[in-house]
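> Contents are compact mmCIF, C-alpha atoms and all ligand atoms; file name query_37.txt:
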# COMPACT_ATOMS: atom_id res chain seq x y z
CA MET A 1 21.97 4.58 -48.89
CA ASN A 2 25.75 4.73 -49.05
CA CYS A 3 28.10 1.78 -49.03
CA ARG A 4 29.26 2.22 -45.52
CA ASN A 5 25.72 2.20 -44.29
CA THR A 6 24.90 -0.96 -46.22
CA LEU A 7 27.93 -2.70 -44.77
CA GLY A 8 26.88 -1.54 -41.33
CA GLN A 9 23.42 -2.85 -41.94
CA ILE A 10 24.61 -6.29 -43.04
CA LEU A 11 26.98 -6.56 -40.10
CA ALA A 12 24.31 -5.43 -37.71
CA LEU A 13 21.78 -7.86 -39.09
CA SER A 14 24.14 -10.79 -38.80
CA ILE A 15 25.11 -9.80 -35.28
CA ALA A 16 21.47 -9.41 -34.39
CA ALA A 17 20.80 -12.91 -35.75
CA THR A 18 23.67 -14.32 -33.66
CA LEU A 19 22.34 -12.55 -30.62
CA ALA A 20 18.70 -13.53 -31.10
CA GLY A 21 19.16 -16.54 -28.81
CA PRO A 22 20.88 -14.74 -25.94
CA ILE A 23 18.49 -11.79 -26.22
CA ALA A 24 15.44 -14.05 -26.00
CA GLU A 25 16.97 -15.89 -23.04
CA ALA A 26 17.80 -12.67 -21.31
CA GLY A 27 14.29 -11.39 -21.99
CA ALA A 28 12.75 -14.53 -20.52
CA GLN A 29 14.33 -13.75 -17.16
CA PHE A 30 12.71 -10.40 -16.86
CA GLY A 31 9.06 -11.26 -17.13
CA GLY A 32 8.44 -8.89 -20.00
CA ILE A 33 7.04 -9.73 -23.37
CA GLN A 34 9.50 -12.56 -23.86
CA ALA A 35 8.46 -14.36 -20.67
CA ALA A 36 9.08 -18.03 -21.42
CA GLN A 37 7.88 -19.29 -18.07
CA SER A 38 4.20 -18.88 -17.27
CA PRO A 39 3.18 -16.70 -14.31
CA MET A 40 1.83 -19.85 -12.67
CA SER A 41 5.36 -21.06 -11.91
CA ARG A 42 7.22 -17.75 -12.11
CA ILE A 43 5.22 -15.81 -9.50
CA PRO A 44 5.10 -18.51 -6.79
CA ASP A 45 8.86 -19.06 -7.36
CA ALA A 46 9.53 -15.36 -6.87
CA LYS A 47 7.46 -15.38 -3.67
CA ARG A 48 9.46 -18.31 -2.34
CA THR A 49 12.65 -16.38 -3.10
CA GLN A 50 11.19 -13.40 -1.25
CA ARG A 51 10.66 -15.50 1.85
CA GLU A 52 14.16 -17.00 1.64
CA ALA A 53 15.99 -13.72 1.05
CA SER A 54 16.65 -11.58 4.07
CA ASP A 55 16.21 -8.36 2.14
CA GLY A 56 14.73 -7.47 -1.24
CA GLU A 57 17.42 -6.79 -3.82
CA PHE A 58 15.16 -5.55 -6.56
CA PRO A 59 14.98 -1.96 -7.74
CA ARG A 60 11.97 0.27 -7.35
CA VAL A 61 9.10 -0.67 -9.72
CA PHE A 62 5.69 0.35 -8.63
CA GLY A 63 4.31 3.07 -6.37
CA GLY A 64 1.07 1.79 -4.92
CA VAL A 65 -0.90 2.15 -1.71
CA GLU A 66 -2.81 -0.51 0.16
CA ALA A 67 -6.43 -0.81 -0.92
CA GLU A 68 -9.06 -0.38 1.79
CA LYS A 69 -10.75 -3.58 2.83
CA ASP A 70 -13.48 -4.54 0.31
CA ALA A 71 -12.82 -1.42 -1.80
CA TRP A 72 -12.63 -3.39 -5.07
CA PRO A 73 -14.87 -6.43 -4.52
CA PHE A 74 -14.78 -7.48 -8.19
CA GLN A 75 -11.03 -8.26 -7.94
CA VAL A 76 -10.13 -11.95 -7.83
CA GLY A 77 -6.86 -13.79 -7.34
CA LEU A 78 -5.87 -16.75 -9.49
CA LEU A 79 -4.34 -19.47 -7.32
CA THR A 80 -2.42 -22.61 -8.29
CA SER A 81 -4.71 -25.34 -6.89
CA GLU A 82 -1.90 -27.74 -6.07
CA MET A 83 -0.14 -25.22 -3.79
CA LEU A 84 -3.20 -24.80 -1.60
CA ASP A 85 -3.82 -26.49 1.73
CA THR A 86 -6.51 -25.78 4.32
CA ASN A 87 -4.49 -22.91 5.81
CA PRO A 88 -5.51 -19.54 4.26
CA ASP A 89 -1.84 -18.49 4.44
CA SER A 90 -1.16 -20.89 1.53
CA GLN A 91 -3.13 -18.50 -0.72
CA PHE A 92 -0.27 -15.99 -0.67
CA ASP A 93 2.19 -18.50 -2.15
CA ALA A 94 -0.35 -19.86 -4.62
CA GLN A 95 -1.49 -16.51 -6.11
CA PHE A 96 0.02 -15.98 -9.57
CA CYS A 97 -2.33 -13.58 -11.42
CA GLY A 98 -5.34 -11.33 -10.95
CA GLY A 99 -8.71 -11.24 -12.66
CA SER A 100 -12.09 -9.51 -12.40
CA LEU A 101 -15.64 -10.72 -11.95
CA ILE A 102 -17.71 -9.53 -14.90
CA SER A 103 -20.70 -11.68 -13.87
CA PRO A 104 -21.28 -14.07 -10.96
CA GLU A 105 -19.98 -16.94 -13.11
CA TRP A 106 -17.32 -15.34 -15.30
CA VAL A 107 -13.86 -14.00 -14.54
CA LEU A 108 -11.99 -11.88 -17.08
CA THR A 109 -8.20 -12.26 -17.10
CA ALA A 110 -5.14 -12.39 -19.36
CA ALA A 111 -4.50 -15.27 -21.75
CA HIS A 112 -0.83 -15.39 -20.72
CA CYS A 113 -1.93 -16.29 -17.16
CA LEU A 114 -3.64 -19.43 -18.41
CA VAL A 115 -1.35 -20.90 -21.02
CA ASP A 116 1.65 -23.13 -20.73
CA GLY A 117 3.70 -22.59 -23.88
CA SER A 118 0.79 -21.88 -26.18
CA GLU A 119 -1.70 -24.45 -24.82
CA PRO A 120 -4.41 -23.48 -22.32
CA ILE A 121 -3.83 -25.09 -18.91
CA PRO A 122 -6.51 -27.46 -17.54
CA ALA A 123 -9.20 -25.77 -15.42
CA ASP A 124 -8.55 -27.96 -12.38
CA VAL A 125 -5.12 -26.44 -11.77
CA VAL A 126 -6.71 -23.02 -11.13
CA THR A 127 -8.65 -21.93 -8.06
CA VAL A 128 -10.24 -18.47 -7.99
CA LEU A 129 -10.08 -16.45 -4.78
CA ILE A 130 -12.98 -14.02 -4.37
CA LYS A 131 -13.81 -11.50 -1.62
CA ALA A 132 -10.18 -11.11 -0.58
CA THR A 133 -8.38 -7.86 0.09
CA ALA A 134 -5.57 -9.61 1.97
CA LEU A 135 -4.50 -12.86 0.35
CA ASN A 136 -5.11 -14.82 3.54
CA GLU A 137 -8.86 -14.15 3.44
CA GLY A 138 -11.70 -14.65 0.98
CA VAL A 139 -13.55 -17.58 -0.51
CA ARG A 140 -12.12 -20.14 -2.94
CA ILE A 141 -14.07 -21.27 -5.99
CA PRO A 142 -12.65 -23.87 -8.39
CA ALA A 143 -12.33 -22.86 -12.05
CA GLY A 144 -14.84 -24.84 -14.11
CA GLU A 145 -13.75 -23.93 -17.63
CA ILE A 146 -10.94 -21.92 -19.21
CA VAL A 147 -11.45 -20.03 -22.48
CA VAL A 148 -8.32 -18.54 -24.03
CA HIS A 149 -8.59 -16.27 -27.09
CA ASP A 150 -7.70 -18.23 -30.25
CA GLY A 151 -5.68 -15.32 -31.55
CA TYR A 152 -3.46 -15.08 -28.46
CA SER A 153 0.21 -14.86 -29.43
CA ASN A 154 2.89 -15.94 -27.03
CA SER A 155 5.49 -13.85 -28.83
CA THR A 156 3.67 -10.53 -29.33
CA LEU A 157 1.08 -10.95 -26.55
CA ASP A 158 -1.59 -9.84 -29.00
CA ASN A 159 -5.12 -10.84 -27.88
CA ASP A 160 -4.01 -11.35 -24.28
CA ILE A 161 -7.49 -12.10 -23.01
CA ALA A 162 -9.17 -15.13 -21.43
CA LEU A 163 -12.26 -16.06 -19.46
CA ILE A 164 -12.70 -18.43 -16.56
CA LYS A 165 -16.11 -19.93 -15.91
CA LEU A 166 -16.44 -20.59 -12.20
CA ALA A 167 -17.56 -24.03 -11.03
CA SER A 168 -20.18 -22.25 -8.90
CA PRO A 169 -21.38 -18.62 -9.02
CA ALA A 170 -19.61 -16.00 -6.91
CA ASP A 171 -21.63 -14.03 -4.46
CA ALA A 172 -19.74 -10.76 -5.02
CA PRO A 173 -20.15 -7.51 -7.00
CA THR A 174 -19.02 -7.37 -10.61
CA ILE A 175 -17.40 -4.63 -12.73
CA ALA A 176 -18.90 -3.15 -15.91
CA LEU A 177 -17.17 -3.23 -19.29
CA PRO A 178 -16.90 -0.24 -21.66
CA GLN A 179 -19.43 0.49 -24.42
CA ASN A 180 -16.77 2.31 -26.43
CA ASP A 181 -13.11 3.11 -26.47
CA ILE A 182 -11.78 5.37 -23.72
CA GLU A 183 -8.66 7.20 -24.83
CA SER A 184 -7.52 9.48 -22.03
CA GLY A 185 -7.89 10.26 -18.37
CA VAL A 186 -6.77 8.66 -15.16
CA ALA A 187 -7.33 5.00 -14.41
CA THR A 188 -6.71 2.75 -11.41
CA VAL A 189 -4.86 -0.54 -11.52
CA ILE A 190 -4.96 -3.03 -8.66
CA GLY A 191 -3.19 -6.25 -7.80
CA TRP A 192 -1.02 -8.35 -5.53
CA GLY A 193 1.95 -8.01 -7.89
CA ARG A 194 5.54 -7.06 -7.20
CA MET A 195 6.09 -3.71 -5.49
CA GLU A 196 8.86 -1.16 -5.94
CA ASP A 197 10.94 -2.76 -3.17
CA GLY A 198 10.81 -6.07 -5.06
CA ASN A 199 8.50 -7.73 -2.54
CA PHE A 200 5.02 -9.12 -3.05
CA PRO A 201 2.30 -7.73 -0.75
CA ILE A 202 -0.29 -9.66 1.24
CA ASN A 203 -2.73 -6.78 0.98
CA LEU A 204 -4.19 -5.73 -2.38
CA MET A 205 -2.41 -2.63 -3.74
CA GLN A 206 -3.77 0.14 -5.97
CA THR A 207 -2.24 2.91 -7.99
CA GLU A 208 -3.31 5.55 -10.50
CA VAL A 209 -1.94 5.69 -14.03
CA ASP A 210 -2.64 7.95 -17.02
CA LEU A 211 -4.22 6.49 -20.15
CA LYS A 212 -1.77 7.25 -22.96
CA PRO A 213 -1.88 7.02 -26.75
CA ASN A 214 -0.28 3.76 -27.96
CA ASP A 215 2.43 5.90 -29.57
CA SER A 216 3.75 6.78 -26.12
CA CYS A 217 4.41 3.12 -25.33
CA ASN A 218 5.69 2.38 -28.84
CA SER A 219 8.23 5.18 -28.85
CA GLY A 220 9.32 4.64 -25.24
CA MET A 221 9.92 0.94 -25.79
CA LYS A 222 11.65 1.37 -29.13
CA GLU A 223 14.03 3.78 -27.44
CA ILE A 224 14.83 1.13 -24.82
CA TYR A 225 15.31 -1.55 -27.50
CA ARG A 226 17.53 0.78 -29.51
CA ASP A 227 19.75 1.44 -26.50
CA ASP A 228 19.99 -2.30 -25.77
CA LEU A 229 20.94 -2.97 -29.38
CA ALA A 230 23.62 -0.29 -29.30
CA LYS A 231 25.06 -1.84 -26.12
CA PHE A 232 25.20 -5.29 -27.70
CA LEU A 233 26.82 -4.00 -30.86
CA TRP A 234 29.30 -2.00 -28.84
CA ASP A 235 30.28 -5.10 -26.84
CA PHE A 236 30.91 -6.99 -30.08
CA SER A 237 32.57 -4.14 -31.91
CA PRO A 238 36.22 -5.06 -31.14
CA ARG A 239 35.79 -8.58 -32.56
CA LEU A 240 34.01 -7.26 -35.61
CA ARG A 241 36.46 -4.38 -36.07
CA LEU A 242 33.59 -1.90 -35.95
CA SER A 243 34.31 1.70 -35.14
CA GLY A 244 32.04 3.71 -32.86
CA GLU A 245 30.65 5.29 -35.99
CA ASP A 246 29.89 1.87 -37.49
CA VAL A 247 28.05 0.86 -34.32
CA GLU A 248 26.02 4.02 -34.45
CA ALA A 249 25.16 3.59 -38.12
CA ALA A 250 24.23 -0.08 -37.67
CA THR A 251 22.08 0.71 -34.64
CA ALA A 252 20.29 3.51 -36.45
CA SER A 253 19.75 1.33 -39.48
CA ILE A 254 18.14 -1.51 -37.53
CA ALA A 255 16.19 0.87 -35.30
CA ALA A 256 14.63 2.40 -38.40
CA THR A 257 13.14 -0.96 -39.36
CA MET A 258 11.78 -1.85 -35.91
CA GLY A 259 8.07 -2.61 -35.80
CA ASP A 260 5.67 -1.15 -33.25
CA PRO A 261 5.56 -3.34 -30.12
CA LEU A 262 1.89 -2.49 -29.45
CA THR A 263 -1.01 -3.68 -31.60
CA ALA A 264 -4.35 -1.87 -31.74
CA ASN A 265 -5.67 -4.50 -29.30
CA MET A 266 -3.39 -3.10 -26.61
CA LEU A 267 -3.69 -0.02 -24.45
CA CYS A 268 -0.87 2.05 -23.01
CA ALA A 269 -1.05 3.46 -19.48
CA GLY A 270 1.39 4.61 -16.86
CA THR A 271 3.47 7.54 -15.74
CA GLU A 272 6.40 9.18 -17.56
CA SER A 273 8.73 8.56 -14.63
CA GLY A 274 7.60 4.95 -14.34
CA ALA A 275 7.01 5.54 -10.62
CA ARG A 276 3.55 4.02 -10.80
CA ASP A 277 3.05 0.86 -12.82
CA ALA A 278 1.69 -2.68 -12.73
CA CYS A 279 4.21 -5.47 -12.33
CA ASN A 280 4.75 -9.25 -12.15
CA GLY A 281 1.79 -10.92 -10.48
CA ASP A 282 -0.63 -8.10 -11.35
CA SER A 283 -1.24 -9.66 -14.76
CA GLY A 284 -4.83 -10.49 -15.59
CA GLY A 285 -6.10 -7.88 -13.12
CA PRO A 286 -8.25 -4.89 -14.01
CA LEU A 287 -7.44 -1.34 -15.09
CA PHE A 288 -10.56 0.76 -14.55
CA ILE A 289 -11.90 4.28 -14.66
CA GLN A 290 -14.55 6.07 -12.62
CA SER A 291 -17.47 7.19 -14.77
CA ASP A 292 -20.81 8.80 -13.93
CA ASP A 293 -22.29 5.33 -14.12
CA GLY A 294 -19.72 3.80 -11.78
CA LEU A 295 -16.52 1.90 -12.42
CA ILE A 296 -15.70 0.64 -15.91
CA GLN A 297 -12.88 -1.79 -16.65
CA VAL A 298 -10.96 -0.59 -19.69
CA GLY A 299 -7.89 -2.82 -19.57
CA ILE A 300 -6.36 -6.09 -18.40
CA VAL A 301 -2.79 -6.02 -17.05
CA SER A 302 -0.76 -7.63 -19.82
CA TRP A 303 2.93 -6.77 -20.15
CA GLY A 304 5.71 -4.24 -19.96
CA ASP A 305 9.34 -4.01 -20.79
CA GLY A 306 12.57 -2.42 -19.72
CA PRO A 307 16.27 -2.52 -20.54
CA LEU A 308 17.74 -6.04 -20.65
CA ASP A 309 20.09 -5.32 -17.78
CA SER A 310 17.28 -4.32 -15.42
CA GLU A 311 15.82 -6.81 -12.97
CA VAL A 312 12.18 -6.28 -13.86
CA ALA A 313 10.06 -5.07 -16.76
CA CYS A 314 8.20 -2.52 -14.66
CA GLY A 315 8.55 1.07 -13.59
CA HIS A 316 10.89 2.19 -16.38
CA GLN A 317 10.92 5.77 -17.55
CA ASN A 318 8.72 6.37 -20.63
CA ALA A 319 8.09 2.64 -21.06
CA PHE A 320 4.61 2.72 -19.47
CA GLY A 321 2.58 -0.46 -18.96
CA VAL A 322 0.64 -2.38 -21.60
CA TYR A 323 -2.93 -3.57 -21.09
CA THR A 324 -5.40 -5.52 -23.22
CA ARG A 325 -7.85 -3.00 -24.74
CA ILE A 326 -11.19 -4.40 -23.60
CA SER A 327 -13.31 -2.27 -25.95
CA ARG A 328 -11.97 -4.43 -28.82
CA TYR A 329 -13.35 -7.62 -27.26
CA ARG A 330 -17.00 -6.91 -26.46
CA ASP A 331 -18.15 -9.32 -29.17
CA TRP A 332 -15.63 -11.99 -28.21
CA ILE A 333 -16.71 -11.80 -24.56
CA SER A 334 -20.40 -12.12 -25.42
CA GLU A 335 -19.76 -14.92 -27.87
CA LYS A 336 -17.84 -16.97 -25.30
CA SER A 337 -19.81 -16.17 -22.15
CA GLY A 338 -23.24 -15.23 -23.45
CA LEU A 339 -23.01 -11.97 -21.44
C1 LIG A 401 4.15 -9.24 -15.60
O1 LIG A 401 5.20 -9.83 -15.78
C2 LIG A 401 4.07 -7.79 -15.91
N1 LIG A 401 4.82 -2.87 -16.20
C3 LIG A 401 2.88 -7.13 -15.78
C4 LIG A 401 2.80 -5.78 -16.04
C5 LIG A 401 3.91 -5.10 -16.45
C6 LIG A 401 5.12 -5.75 -16.58
C7 LIG A 401 5.20 -7.10 -16.33
C8 LIG A 401 3.78 -3.63 -16.74
O2 LIG A 401 3.16 -9.82 -15.17
Output the file's structure in the form of structure tokens.


Amino acid sequence: MNCRNTLGQILALSIAATLAGPIAEAGAQFGGIQAAQSPMSRIPDAKRTQREASDGEFPRVFGGVEAEKDAWPFQVGLLTSEMLDTNPDSQFDAQFCGGSLISPEWVLTAAHCLVDGSEPIPADVVTVLIKATALNEGVRIPAGEIVVHDGYSNSTLDNDIALIKLASPADAPTIALPQNDIESGVATVIGWGRMEDGNFPINLMQTEVDLKPNDSCNSGMKEIYRDDLAKFLWDFSPRLRLSGEDVEAATASIAATMGDPLTANMLCAGTESGARDACNGDSGGPLFIQSDDGLIQVGIVSWGDGPLDSEVACGHQNAFGVYTRISRYRDWISEKSGL
């Protein structure tokens, strides 16, 4: 490495350290991996904003279609108990994540839906909505117990998996889990999460995504992070007396040391254009494939990312969406649920 490069590297590292705070804060706003606020407050807040705003000001994120009534009867909605009243319309405001019935008593969802900071939330703040296609229908069942994976990391979102034991069994069909890893093909993702116009739907939405190698997500996201870093360095370059060349060298040097955003416990799925993707509020919901033996859930909606100056971490070109890879958790699920 030559001198100039080393200098660039030191400068870049110190700038990166200075910017770590602002970057994390900026990330927290966008609901991506850095989400500081839990979906339980973030999603209902966004829905309130939707009602107050006269028109959606968000960019396109997610190309879904409305699911047919009762098409996916294993889908559940996680509702904030304290936002519910006797009116079924309150279920729209209260819904903050999705989940899936894997047995009459157990719901599979994402750990990040059920933690506040890094502590699991108490079961009584969660009500599970079953048998709903539109959010103003269905049957409510209180959560009886919440089991969050011990290895869940708030910062990397590794092990983003949790179980909810229902206070009473659901009388609804369940979805099967995979016997082994499924690496390619087309999968369906469903949820009541944010749509491409920025609004949240009342009716359950569905869309098809391609299962991708983790490398696709890793390289797409690193490219986005690299571009963000270059923008930051460029903005600071006059104060630091950095030339364009210095900025480029520093960016390249840091980019070369970036780690992979995805762990082996994650699964990458989406479309190159980003036109079809899961988004805020879909978290915890199922990604599933059609097999000869019926539907099999291969993933749990977990996270995504996009450039820092974009409004949402969904629907970005080559970024794809990140899901929890269920095949890695068969033992964990049986240990915790006895299934
Ligand atoms: C979220 O914040 C979220 N594009 C879920 C999925 C994706 C991004 C964000 C994937 O719940």

> Rounded to one decimal, what separation in Å do you get between atom CA of Thr109 of chain A and atom CA of Gly306 of chain A?

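Rounded to one decimal, the two atoms are 23.1 Å apart.
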
> Could you list, as a tab-separated table (two decimals) with C-alpha atoms, keeping the file's coordinate frame, every residue within 12 Å of Glu335 of chain A, counting all atoms listed in the file and ignoring same-chain residues fewer than 6 positions away?


chain	number	residue	atom	x	y	z
A	147	VAL	CA	-11.45	-20.03	-22.48
A	149	HIS	CA	-8.59	-16.27	-27.09
A	163	LEU	CA	-12.26	-16.06	-19.46
A	329	TYR	CA	-13.35	-7.62	-27.26

> Determine, counting all atoms listed in the file, which protein, DNA and RNA residues have an atom within 9 Å of an atom of Asp210 of chain A; residues of the same chain fewer than 6 positions away are not included. Present the result as a ChimeraX atom specification.

/A:184-188,268-271

> If I take atom CA of Asp260 of chain A and atom C5 of ligand LIG 401 (chain A), how far is one from the other in Å, to one decimal?

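Result for atom CA of Asp260 of chain A versus atom C5 of ligand LIG 401 (chain A): 17.3 Å, one decimal.
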
> Would you list the residues near (-1.7, -2.5, 0.7), meaning any protein, DNA or RNA residue with an atom at most 8 Å from that point in file coordinates, counting all atoms listed in the file, as a PyMOL selection string?

chain A and resi 64-68+201-206

> Identify, counting all atoms listed in the file, the protein, DNA and RNA residues located within 7 Å of ligand LIG 401 (chain A), and give them as an MDAnalysis selection string.

chainID A and resid 31:32 39 277:283 301:305 313:315 320:322

> From the list A:Val209, A:Leu129, A:Gly338, A:Ile296, which residue is nearest Pro88 of chain A when using all atoms listed in the file?

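Among A:Val209, A:Leu129, A:Gly338, A:Ile296, it is A:Leu129 that comes nearest to Pro88 of chain A.
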
> Which one is closest to Ser216 of chain A: A:Ser291, A:Gln317, A:Ser334, A:Ser253? Count all atoms listed in the file.

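Looking at the shortest contact to Ser216 of chain A, the residue is A:Gln317.
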
> Any idea what the distance is between atom CA of Ala143 of chain A and atom CA of Val115 of chain A?

14.3 Å

> Dump as a ChimeraX atom specification all residues having an atom at most 10 Å from (-8.0, -9.7, 1.4), computed in the file's coordinates with only C-alpha atoms.

/A:67-70,73,75-77,129-139,192,202-204

> Only C-alpha atoms, please: the residues just picked out, written as a PDB file, keeping the file's coordinate frame.


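Saved file out-v2.pdb follows:
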ATOM      1  CA  ALA A  67      -6.430  -0.810  -0.920  1.00  0.00           C
ATOM      2  CA  GLU A  68      -9.060  -0.380   1.790  1.00  0.00           C
ATOM      3  CA  LYS A  69     -10.750  -3.580   2.830  1.00  0.00           C
ATOM      4  CA  ASP A  70     -13.480  -4.540   0.310  1.00  0.00           C
ATOM      5  CA  PRO A  73     -14.870  -6.430  -4.520  1.00  0.00           C
ATOM      6  CA  GLN A  75     -11.030  -8.260  -7.940  1.00  0.00           C
ATOM      7  CA  VAL A  76     -10.130 -11.950  -7.830  1.00  0.00           C
ATOM      8  CA  GLY A  77      -6.860 -13.790  -7.340  1.00  0.00           C
ATOM      9  CA  LEU A 129     -10.080 -16.450  -4.780  1.00  0.00           C
ATOM     10  CA  ILE A 130     -12.980 -14.020  -4.370  1.00  0.00           C
ATOM     11  CA  LYS A 131     -13.810 -11.500  -1.620  1.00  0.00           C
ATOM     12  CA  ALA A 132     -10.180 -11.110  -0.580  1.00  0.00           C
ATOM     13  CA  THR A 133      -8.380  -7.860   0.090  1.00  0.00           C
ATOM     14  CA  ALA A 134      -5.570  -9.610   1.970  1.00  0.00           C
ATOM     15  CA  LEU A 135      -4.500 -12.860   0.350  1.00  0.00           C
ATOM     16  CA  ASN A 136      -5.110 -14.820   3.540  1.00  0.00           C
ATOM     17  CA  GLU A 137      -8.860 -14.150   3.440  1.00  0.00           C
ATOM     18  CA  GLY A 138     -11.700 -14.650   0.980  1.00  0.00           C
ATOM     19  CA  VAL A 139     -13.550 -17.580  -0.510  1.00  0.00           C
ATOM     20  CA  TRP A 192      -1.020  -8.350  -5.530  1.00  0.00           C
ATOM     21  CA  ILE A 202      -0.290  -9.660   1.240  1.00  0.00           C
ATOM     22  CA  ASN A 203      -2.730  -6.780   0.980  1.00  0.00           C
ATOM     23  CA  LEU A 204      -4.190  -5.730  -2.380  1.00  0.00           C
TER      24      LEU A 204
END

> Go through A:Met221, A:Ile161, A:Ala230, A:Leu108 and flag the residue nearest Val247 of chain A, using only C-alpha atoms for the distances.

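Closest to Val247 of chain A, using only C-alpha atoms: A:Ala230.
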
> Please determine, counting only C-alpha atoms, which residue among A:Asp292, A:Glu82, A:Asp89, A:Glu196 has the shortest atom-to-atom distance to Ser41 of chain A.

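So, comparing all the options, the nearest one is A:Glu82.
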
> From the list A:Asp197, A:Asn214, A:Trp72, A:Val107, which residue is nearest Phe288 of chain A when using only C-alpha atoms?

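Looking at the shortest contact to Phe288 of chain A, the residue is A:Trp72.
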